[in-house]
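S.K.: As input, take coords-v3.tsv (TSV, C-alpha atoms):
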```tsv
chain	number	residue	atom	x	y	z
A	1	PRO	CA	201.15	-56.60	132.05
A	2	ASP	CA	203.08	-59.71	133.04
A	3	LEU	CA	204.78	-59.81	129.61
A	4	ASN	CA	206.99	-57.00	130.86
A	5	SER	CA	208.79	-59.48	133.07
A	6	LEU	CA	210.09	-61.26	129.96
A	7	SER	CA	213.01	-58.87	129.69
A	8	HIS	CA	214.69	-60.68	126.80
A	9	LEU	CA	211.54	-61.17	124.70
A	10	GLU	CA	212.23	-60.27	121.07
A	11	LEU	CA	209.21	-61.77	119.29
A	12	LEU	CA	205.56	-61.80	120.32
A	13	SER	CA	203.35	-63.56	117.79
A	14	LEU	CA	199.72	-64.07	118.76
A	15	PRO	CA	197.64	-63.82	115.53
A	16	SER	CA	194.52	-65.87	114.69
A	17	ASN	CA	193.31	-66.05	118.27
A	18	SER	CA	190.33	-64.70	120.16
A	19	LEU	CA	192.06	-62.50	122.68
A	20	ILE	CA	190.16	-59.51	124.06
A	21	GLY	CA	191.64	-56.13	124.75
A	22	ILE	CA	194.58	-54.06	123.56
A	23	ILE	CA	198.26	-54.94	123.83
A	24	PRO	CA	199.68	-53.24	126.98
A	25	ASP	CA	201.58	-49.98	126.65
A	26	ASP	CA	204.83	-51.39	128.07
A	27	ALA	CA	204.91	-54.08	125.38
A	28	CYS	CA	204.13	-51.44	122.75
A	29	ALA	CA	206.96	-49.28	124.07
A	30	LYS	CA	209.41	-52.13	123.57
A	31	SER	CA	208.07	-52.69	120.06
A	32	THR	CA	208.39	-49.08	118.95
A	33	SER	CA	211.94	-48.95	120.30
A	34	ASP	CA	212.84	-51.87	118.03
A	35	ASN	CA	213.51	-54.28	120.89
A	36	LEU	CA	210.38	-56.34	120.28
A	37	PHE	CA	208.60	-57.50	117.13
A	38	ILE	CA	204.85	-57.93	117.64
A	39	ASN	CA	202.61	-59.89	115.29
A	40	ALA	CA	198.96	-59.81	116.37
A	41	ASP	CA	195.31	-59.56	115.40
A	42	ALA	CA	193.77	-56.24	114.39
A	43	ALA	CA	191.44	-56.47	117.38
A	44	ASN	CA	194.43	-56.28	119.76
A	45	CYS	CA	196.66	-53.77	117.98
A	46	PRO	CA	196.26	-50.08	118.89
A	47	ASN	CA	197.85	-48.85	115.67
A	48	ASP	CA	196.21	-45.87	113.96
A	49	PHE	CA	194.25	-46.55	110.77
A	50	ASP	CA	194.74	-44.47	107.61
A	51	THR	CA	191.30	-43.97	106.07
A	52	SER	CA	192.74	-42.62	102.82
A	53	THR	CA	194.49	-45.89	102.02
A	54	GLY	CA	192.72	-48.42	104.24
A	55	THR	CA	195.94	-49.50	105.97
A	56	TYR	CA	197.24	-49.54	109.52
A	57	GLN	CA	200.02	-47.11	110.27
A	58	THR	CA	203.33	-47.89	111.93
A	59	GLY	CA	202.88	-48.39	115.66
A	60	CYS	CA	202.73	-50.99	118.38
A	61	CYS	CA	202.20	-54.00	116.12
A	62	ASP	CA	204.80	-54.64	113.42
A	63	ASN	CA	202.52	-57.05	111.58
A	64	ILE	CA	198.73	-57.04	111.79
A	65	LEU	CA	196.35	-59.80	110.79
A	66	TYR	CA	193.41	-57.96	109.25
A	67	ASP	CA	189.91	-58.90	110.34
A	68	VAL	CA	187.17	-58.61	107.68
A	69	GLY	CA	184.47	-57.48	110.12
A	70	ILE	CA	186.66	-54.82	111.71
A	71	TYR	CA	187.83	-53.66	108.30
A	72	LEU	CA	184.29	-53.25	106.96
A	73	ASN	CA	183.32	-51.31	110.08
A	74	LYS	CA	186.20	-48.92	109.52
A	75	PHE	CA	185.13	-48.59	105.88
A	76	ALA	CA	181.54	-47.80	106.82
A	77	ALA	CA	182.61	-45.18	109.35
A	78	ALA	CA	185.10	-43.47	107.02
A	79	VAL	CA	183.42	-43.75	103.61
A	80	LEU	CA	179.70	-44.26	104.22
A	81	GLY	CA	179.49	-42.02	107.29
A	82	ASP	CA	178.31	-44.40	110.02
A	83	THR	CA	178.64	-48.01	111.14
A	84	ASN	CA	174.96	-47.90	112.08
A	85	CYS	CA	173.38	-48.34	108.66
A	86	GLN	CA	169.88	-47.52	109.87
A	87	ALA	CA	171.04	-44.09	110.97
A	88	LEU	CA	171.98	-43.20	107.40
A	89	GLY	CA	168.44	-43.48	106.05
A	90	GLY	CA	167.05	-43.93	102.55
A	91	THR	CA	169.18	-45.47	99.83
A	92	GLU	CA	172.32	-45.05	101.95
A	93	THR	CA	170.95	-47.57	104.45
A	94	THR	CA	170.66	-50.14	101.68
A	95	VAL	CA	174.14	-49.32	100.35
A	96	CYS	CA	175.56	-49.65	103.86
A	97	ASP	CA	173.79	-52.96	104.53
A	98	TYR	CA	175.11	-54.34	101.26
A	99	MET	CA	178.67	-53.18	101.86
A	100	MET	CA	178.86	-54.26	105.51
A	101	ASN	CA	177.97	-57.88	104.79
A	102	PRO	CA	181.11	-59.94	103.94
A	103	ALA	CA	178.92	-62.52	102.22
A	104	ASN	CA	178.20	-59.96	99.47
A	105	HIS	CA	181.84	-59.75	98.38
A	106	ASP	CA	183.64	-62.65	96.76
A	107	ILE	CA	187.08	-61.35	97.72
A	108	PHE	CA	186.38	-62.26	101.36
A	109	THR	CA	185.49	-65.88	100.67
A	110	HIS	CA	188.69	-67.09	102.35
A	111	GLY	CA	189.16	-64.25	104.81
A	112	PHE	CA	190.93	-60.98	104.18
A	113	PRO	CA	193.04	-61.07	100.98
A	114	GLU	CA	196.49	-59.86	101.96
A	115	ASP	CA	197.80	-59.36	98.42
A	116	PHE	CA	194.75	-58.18	96.51
A	117	PRO	CA	195.77	-56.47	93.22
A	118	GLY	CA	194.62	-52.86	93.21
A	119	GLY	CA	193.94	-52.78	96.95
A	120	VAL	CA	190.89	-53.82	98.97
A	121	TRP	CA	190.05	-50.30	100.19
A	122	ASN	CA	189.80	-48.81	96.69
A	123	TRP	CA	187.86	-51.86	95.51
A	124	LEU	CA	185.29	-51.35	98.27
A	125	LYS	CA	185.00	-47.62	97.53
A	126	GLU	CA	184.28	-48.24	93.85
A	127	ARG	CA	181.84	-51.03	94.68
A	128	ALA	CA	179.90	-48.65	96.93
A	129	VAL	CA	179.74	-46.03	94.14
A	130	LEU	CA	178.31	-48.58	91.71
A	131	ALA	CA	175.86	-49.98	94.27
A	132	ARG	CA	174.60	-46.46	94.99
A	133	MET	CA	174.16	-45.72	91.28
A	134	PHE	CA	172.19	-48.93	90.77
A	135	LEU	CA	169.84	-48.16	93.65
A	136	ASN	CA	169.37	-44.47	92.77
A	137	SER	CA	168.96	-45.02	89.01
A	138	ASP	CA	166.12	-47.57	89.08
A	139	GLY	CA	168.50	-50.48	88.57
A	140	GLU	CA	165.81	-53.11	88.94
A	141	ASN	CA	164.30	-51.94	85.65
A	142	TRP	CA	167.52	-51.70	83.65
A	143	ASN	CA	167.63	-53.54	80.34
A	144	SER	CA	170.96	-55.09	81.25
A	145	LYS	CA	171.84	-55.62	84.92
A	146	GLY	CA	173.75	-58.89	84.95
A	147	ASN	CA	175.55	-59.54	88.29
A	148	TRP	CA	174.77	-56.07	89.65
A	149	LEU	CA	174.57	-56.02	93.46
A	150	GLY	CA	175.53	-59.67	93.58
A	151	TYR	CA	178.37	-61.59	95.17
A	152	ASP	CA	180.80	-61.52	92.24
A	153	ASN	CA	183.52	-58.96	91.69
A	154	HIS	CA	181.87	-55.81	90.26
A	155	CYS	CA	184.34	-56.00	87.37
A	156	THR	CA	182.00	-58.71	86.05
A	157	TRP	CA	178.87	-56.54	86.28
A	158	ALA	CA	177.17	-55.66	82.98
A	159	GLY	CA	178.66	-52.51	81.45
A	160	VAL	CA	181.65	-52.40	83.81
A	161	THR	CA	185.22	-52.84	82.56
A	162	CYS	CA	188.24	-52.99	84.88
A	163	SER	CA	191.99	-53.06	84.80
A	164	ILE	CA	193.65	-54.66	87.85
A	165	ASN	CA	190.38	-54.48	89.82
A	166	GLU	CA	189.93	-50.77	89.09
A	167	VAL	CA	186.96	-49.54	87.05
A	168	THR	CA	188.13	-48.01	83.75
A	169	GLU	CA	184.94	-48.01	81.66
A	170	LEU	CA	181.27	-47.61	82.55
A	171	THR	CA	179.07	-48.07	79.47
A	172	LEU	CA	175.34	-48.26	80.14
A	173	GLN	CA	173.99	-46.69	76.96
A	174	ASN	CA	170.25	-47.09	76.34
A	175	ASN	CA	169.76	-49.06	79.58
A	176	GLN	CA	166.72	-47.35	81.14
A	177	LEU	CA	168.65	-45.47	83.82
A	178	ALA	CA	166.37	-42.94	85.50
A	179	GLY	CA	166.67	-40.46	88.36
A	180	ALA	CA	169.32	-37.91	89.24
A	181	PHE	CA	172.64	-38.05	87.41
A	182	PRO	CA	175.13	-39.81	89.75
A	183	SER	CA	177.07	-37.26	91.77
A	184	ASP	CA	179.98	-39.40	93.00
A	185	LEU	CA	181.38	-41.03	89.86
A	186	ILE	CA	184.53	-38.97	90.42
A	187	ASN	CA	185.41	-41.62	93.02
A	188	LEU	CA	186.00	-44.06	90.18
A	189	GLY	CA	189.57	-42.82	90.02
A	190	GLY	CA	190.68	-44.90	87.03
A	191	LEU	CA	187.63	-44.17	84.87
A	192	THR	CA	188.58	-43.29	81.27
A	193	THR	CA	185.25	-43.88	79.47
A	194	LEU	CA	181.75	-42.96	80.66
A	195	ASP	CA	178.72	-43.59	78.46
A	196	LEU	CA	175.33	-43.01	80.09
A	197	SER	CA	173.65	-41.73	76.92
A	198	GLU	CA	170.16	-42.60	75.69
A	199	ASN	CA	168.82	-42.82	79.24
A	200	TYR	CA	166.50	-40.70	81.35
A	201	LEU	CA	168.83	-39.18	83.91
A	202	VAL	CA	168.04	-35.74	85.28
A	203	GLY	CA	170.53	-33.00	86.04
A	204	ILE	CA	173.90	-31.81	84.75
A	205	ILE	CA	177.10	-33.85	84.81
A	206	PRO	CA	179.12	-32.72	87.88
A	207	ASP	CA	181.94	-30.21	87.41
A	208	ASP	CA	184.60	-32.60	88.72
A	209	LEU	CA	183.82	-35.11	85.95
A	210	CYS	CA	183.71	-32.33	83.35
A	211	TYR	CA	187.12	-31.13	84.43
A	212	ARG	CA	188.58	-34.60	83.92
A	213	SER	CA	186.92	-34.72	80.51
A	214	THR	CA	188.22	-31.36	79.32
A	215	SER	CA	191.70	-32.27	80.58
A	216	ASN	CA	191.54	-35.28	78.23
A	217	SER	CA	191.71	-37.95	80.94
A	218	LEU	CA	188.05	-38.99	80.61
A	219	TYR	CA	185.86	-39.59	77.53
A	220	ILE	CA	182.18	-38.77	78.19
A	221	HIS	CA	179.24	-39.67	75.95
A	222	GLY	CA	176.02	-38.21	77.36
A	223	ASP	CA	172.56	-36.92	76.63
A	224	VAL	CA	171.92	-33.30	75.73
A	225	ALA	CA	169.89	-32.94	78.95
A	226	ASN	CA	172.96	-33.79	81.02
A	227	CYS	CA	175.82	-32.24	79.03
A	228	PRO	CA	176.73	-28.63	79.90
A	229	ASN	CA	178.38	-28.12	76.51
A	230	SER	CA	178.34	-24.87	74.58
A	231	PHE	CA	177.13	-26.23	71.24
A	232	ASP	CA	179.95	-28.53	70.03
A	233	VAL	CA	182.58	-28.21	72.76
A	234	GLY	CA	182.74	-28.76	76.50
A	235	CYS	CA	182.18	-31.48	79.05
A	236	CYS	CA	180.82	-34.22	76.78
A	237	ASP	CA	182.92	-35.52	73.91
A	238	LEU	CA	179.77	-36.75	72.17
A	239	VAL	CA	176.27	-35.43	72.83
A	240	TYR	CA	173.20	-37.53	72.08
A	241	GLY	CA	169.74	-36.09	71.54
A	242	LEU	CA	170.26	-32.67	70.00
A	243	THR	CA	167.73	-33.52	67.31
A	244	GLU	CA	166.13	-36.78	68.42
A	245	GLU	CA	164.78	-38.63	71.42
A	246	PRO	CA	166.43	-41.77	72.85
A	247	SER	CA	165.72	-44.79	70.69
A	248	THR	CA	164.41	-48.12	71.92
A	249	SER	CA	167.56	-49.88	70.78
A	250	PRO	CA	171.22	-48.90	70.38
A	251	SER	CA	171.84	-47.01	67.16
A	252	ASP	CA	173.16	-48.92	64.17
A	253	THR	CA	174.89	-45.78	62.90
A	254	PRO	CA	176.59	-44.09	65.87
A	255	SER	CA	178.25	-41.47	63.67
A	256	GLU	CA	174.83	-40.12	62.70
A	257	ALA	CA	172.78	-40.88	65.81
A	258	HIS	CA	175.34	-39.25	68.09
A	259	SER	CA	176.29	-36.25	65.96
A	260	ILE	CA	177.00	-33.13	67.95
A	261	LEU	CA	175.76	-30.97	65.10
A	262	PRO	CA	172.08	-30.23	64.46
A	263	THR	CA	170.74	-31.98	61.38
A	264	ALA	CA	169.38	-29.70	58.63
A	265	SER	CA	166.46	-31.08	56.70
A	266	LEU	CA	167.01	-30.42	53.00
A	267	SER	CA	165.05	-31.87	50.17
A	268	ALA	CA	167.57	-32.46	47.42
A	269	SER	CA	167.02	-33.70	43.92
A	270	PRO	CA	169.22	-36.57	42.73
A	271	SER	CA	171.35	-34.10	40.77
A	272	VAL	CA	172.40	-32.20	43.92
A	273	ALA	CA	175.70	-33.26	45.40
A	274	PRO	CA	175.65	-35.05	48.80
A	275	SER	CA	177.66	-32.23	50.34
A	276	ALA	CA	174.82	-29.86	49.58
A	277	ALA	CA	172.09	-32.27	50.66
A	278	HIS	CA	173.58	-32.54	54.17
A	279	SER	CA	174.67	-28.93	54.57
A	280	ILE	CA	174.18	-27.36	57.99
A	281	LEU	CA	173.08	-24.16	56.28
A	282	PRO	CA	169.43	-23.10	56.68
A	283	THR	CA	167.02	-24.82	54.30
A	284	ALA	CA	165.98	-22.68	51.34
A	285	SER	CA	163.03	-23.18	49.04
A	286	HIS	CA	164.02	-24.03	45.48
A	287	SER	CA	161.44	-21.54	44.21
A	288	GLU	CA	163.39	-18.66	45.67
A	289	SER	CA	165.81	-16.62	43.64
A	290	PRO	CA	169.47	-17.61	43.86
A	291	SER	CA	170.31	-14.50	45.86
A	292	VAL	CA	167.89	-15.57	48.62
A	293	ALA	CA	168.32	-19.31	48.52
A	294	HIS	CA	172.09	-19.06	48.71
A	295	SER	CA	172.56	-15.94	50.78
A	296	ASN	CA	175.15	-17.72	52.92
A	297	LEU	CA	177.25	-18.76	49.93
A	298	PRO	CA	180.07	-16.60	48.48
A	299	THR	CA	178.71	-13.77	46.29
A	300	VAL	CA	179.05	-14.34	42.57
A	301	SER	CA	179.63	-11.27	40.45
A	302	HIS	CA	176.86	-10.73	37.86
A	303	SER	CA	179.50	-9.86	35.34
A	304	ASN	CA	180.51	-13.49	35.27
A	305	VAL	CA	176.98	-14.74	34.56
A	306	PRO	CA	175.58	-14.40	31.04
A	307	THR	CA	172.10	-12.92	30.74
A	308	ALA	CA	171.11	-15.69	28.37
A	309	PHE	CA	172.49	-19.17	28.06
A	310	PRO	CA	173.25	-20.76	24.72
A	311	THR	CA	171.24	-23.76	23.78
A	312	ALA	CA	173.37	-26.80	24.40
A	313	SER	CA	173.24	-29.72	22.07
A	314	PRO	CA	172.66	-33.17	23.59
A	315	THR	CA	176.38	-33.81	23.32
A	316	ALA	CA	177.38	-30.67	25.17
A	317	SER	CA	179.27	-31.23	28.37
A	318	PRO	CA	177.23	-30.43	31.51
A	319	THR	CA	180.49	-29.42	33.14
A	320	ALA	CA	181.17	-26.72	30.58
A	321	LEU	CA	177.61	-25.44	30.76
A	322	HIS	CA	177.76	-24.78	34.46
A	323	SER	CA	181.44	-24.15	35.00
A	324	SER	CA	181.05	-20.49	35.94
A	325	LEU	CA	178.04	-20.86	38.21
A	326	PRO	CA	177.75	-21.82	41.88
A	327	SER	CA	176.39	-25.32	42.43
A	328	VAL	CA	172.61	-24.82	42.62
A	329	ALA	CA	169.48	-26.71	41.72
A	330	HIS	CA	168.55	-26.35	38.02
A	331	SER	CA	165.25	-24.70	38.89
A	332	ASN	CA	167.18	-21.63	40.04
A	333	VAL	CA	168.88	-21.05	36.67
A	334	PRO	CA	167.08	-18.69	34.24
A	335	THR	CA	165.93	-20.41	31.09
A	336	ALA	CA	167.74	-19.23	28.01
```
Starting from the coordinates I provided, produce the structure as structure tokens.

M.R.:
Amino acid sequence: PDLNSLSHLELLSLPSNSLIGIIPDDACAKSTSDNLFINADAANCPNDFDTSTGTYQTGCCDNILYDVGIYLNKFAAAVLGDTNCQALGGTETTVCDYMMNPANHDIFTHGFPEDFPGGVWNWLKERAVLARMFLNSDGENWNSKGNWLGYDNHCTWAGVTCSINEVTELTLQNNQLAGAFPSDLINLGGLTTLDLSENYLVGIIPDDLCYRSTSNSLYIHGDVANCPNSFDVGCCDLVYGLTEEPSTSPSDTPSEAHSILPTASLSASPSVAPSAAHSILPTASHSESPSVAHSNLPTVSHSNVPTAFPTASPTASPTALHSSLPSVAHSNVPTA
């Protein structure tokens, strides 16, 4: 209160101290009327805090020295739900304990980073999402879990790719993830690629992620058990497991292993063209008549097919012999 007697005071700078209590209202009144510039610690500034951006709003203090402990407490209250981690229970207690400890985050090694690319608040939010996924998806038994839940920036964690400290790709294919499909990946705001295929996650990919996928801002590669697609279109851009179970190692031929079309099993003789051997039409026995075996093919008029075929000499062109017939196995052609 005695600062009010300094009627000509224009600058009050008291950061990096251990003062207790809030700056008096009369000093704040002078500051907000532009007659006094106040630079102080977060612990002493009564400015409101914006939980959507993680920044202090305009108010009593013109410049605020952020305190890591205070900042993490505000993060826990706004994003995790409570500053008392034990009150959260279950996995959330572990997530909270991990996030509240400054020693778990390399960006706080030298105090609060004032000019952190991408923003500290968003970085913490994404880190919490990843930590939660690791704990809920049996992370300890993942095939690849390098740096996960460690001290280093999560942009160095196995399967995580970032751009300016924002997660853009999460690729954990065939990595032994198990449990419920993560429900909060939408909070990875810059995510453009998500590949959690060939794992053992339960449940459907959330609608908010599917919407981003169908609006072409997110590429999703998932398992058939998690993709709410209608056959070949929908939430997932590639669906794994329509015809096979997850393999023990990443596929060497992604174009085949991750096909979104069911594979038809046809036994084709060497003379049958590859296009026929891999047709998605139902398999037909070669002993059946042409009308049955090829019921899904265009109808050929009988007037174009001779009732008997001339005997071709060894030099006769196979092309000429079969030029008026649909492409079928030779066992279906009547013997002249």

S.K.: For a test of reading the model, state the distance in Å between CA of Phe37 (chain A) and CA of Gly111 (chain A), rounded to one decimal.

M.R.: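 For CA of Phe37 (chain A) relative to CA of Gly111 (chain A), the distance reads 24.0 Å.
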
S.K.: So, counting only C-alpha atoms, which residue among A:His110, A:His8, A:Lys145, A:His154 is closest to Trp123 (chain A)?

M.R.: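 Among the listed residues, the smallest separation from Trp123 (chain A) belongs to A:His154.
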
S.K.: At a cut-off of 12 Å from (195.2, -57.8, 116.9) in the coordinates of the file, what residues are picked up using all atoms listed in the file, written as a PyMOL selection string?

M.R.: chain A and resi 12-24+38-47+56+60-67+70

S.K.: Between CA of Ala76 (chain A) and CA of Leu177 (chain A), measure the distance and give it in Å to one decimal.

M.R.: 26.5 Å

S.K.: What's the 8 Å shell around Asn226 (chain A), counting all atoms listed in the file, without same-chain residues fewer than 4 positions away, as a PyMOL selection string?

M.R.: chain A and resi 181+201-205+222

S.K.: What's around Phe112 (chain A) at 10 Å? Count only C-alpha atoms, leave out sequence neighbours fewer than 4 positions away in its own chain, and write the answer as a list in words.

M.R.: Leu65, Tyr66, Asp67, Val68, Gly69, Tyr71, Pro102, Ile107, Phe108, Phe116 and Val120 of chain A

S.K.: Leaving out region 183-196 of chain A and any residue of its chain fewer than 5 positions from it, which residues lie within 8 Å of it when counting all atoms listed in the file, given as a PDB file with C-alpha atoms, in the coordinates of the input?

M.R.:
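Full text of selection_14.pdb as output:
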```pdb
ATOM      1  CA  LYS A 125     185.000 -47.620  97.530  1.00  0.00           C
ATOM      2  CA  GLU A 126     184.280 -48.240  93.850  1.00  0.00           C
ATOM      3  CA  VAL A 129     179.740 -46.030  94.140  1.00  0.00           C
ATOM      4  CA  GLU A 166     189.930 -50.770  89.090  1.00  0.00           C
ATOM      5  CA  VAL A 167     186.960 -49.540  87.050  1.00  0.00           C
ATOM      6  CA  THR A 168     188.130 -48.010  83.750  1.00  0.00           C
ATOM      7  CA  GLU A 169     184.940 -48.010  81.660  1.00  0.00           C
ATOM      8  CA  LEU A 170     181.270 -47.610  82.550  1.00  0.00           C
ATOM      9  CA  THR A 171     179.070 -48.070  79.470  1.00  0.00           C
ATOM     10  CA  LEU A 172     175.340 -48.260  80.140  1.00  0.00           C
ATOM     11  CA  GLN A 173     173.990 -46.690  76.960  1.00  0.00           C
ATOM     12  CA  ASN A 174     170.250 -47.090  76.340  1.00  0.00           C
ATOM     13  CA  ILE A 205     177.100 -33.850  84.810  1.00  0.00           C
ATOM     14  CA  PRO A 206     179.120 -32.720  87.880  1.00  0.00           C
ATOM     15  CA  ASP A 208     184.600 -32.600  88.720  1.00  0.00           C
ATOM     16  CA  LEU A 209     183.820 -35.110  85.950  1.00  0.00           C
ATOM     17  CA  SER A 217     191.710 -37.950  80.940  1.00  0.00           C
ATOM     18  CA  LEU A 218     188.050 -38.990  80.610  1.00  0.00           C
ATOM     19  CA  TYR A 219     185.860 -39.590  77.530  1.00  0.00           C
ATOM     20  CA  ILE A 220     182.180 -38.770  78.190  1.00  0.00           C
ATOM     21  CA  HIS A 221     179.240 -39.670  75.950  1.00  0.00           C
ATOM     22  CA  GLY A 222     176.020 -38.210  77.360  1.00  0.00           C
ATOM     23  CA  ASP A 223     172.560 -36.920  76.630  1.00  0.00           C
TER      24      ASP A 223
END
```

S.K.: Find the residues around Phe134 (chain A) up to 12 Å (all atoms listed in the file counted), leave out those fewer than 2 positions away in its own chain, and share them as a PyMOL selection string.

M.R.: chain A and resi 91-92+94-95+127-132+136-142+144-150+154+157-159+172+175-182

S.K.: Between CA of Gly234 (chain A) and CA of Asn199 (chain A), what is the spacing in Å?

M.R.: 20.0 Å

S.K.: Counting all atoms listed in the file, which residues sit no farther than 6 Å from the position (186.2, -47.9, 102.3) in the file's frame? I'd like them as a VMD selection string.

M.R.: chain A and resid 75 79 121 124 to 125

S.K.: Emit the selected residues as a PDB file, in the frame of the given file, including C-alpha atoms.

M.R.:
```
ATOM      1  CA  PHE A  75     185.130 -48.590 105.880  1.00  0.00           C
ATOM      2  CA  VAL A  79     183.420 -43.750 103.610  1.00  0.00           C
ATOM      3  CA  TRP A 121     190.050 -50.300 100.190  1.00  0.00           C
ATOM      4  CA  LEU A 124     185.290 -51.350  98.270  1.00  0.00           C
ATOM      5  CA  LYS A 125     185.000 -47.620  97.530  1.00  0.00           C
TER       6      LYS A 125
END
```
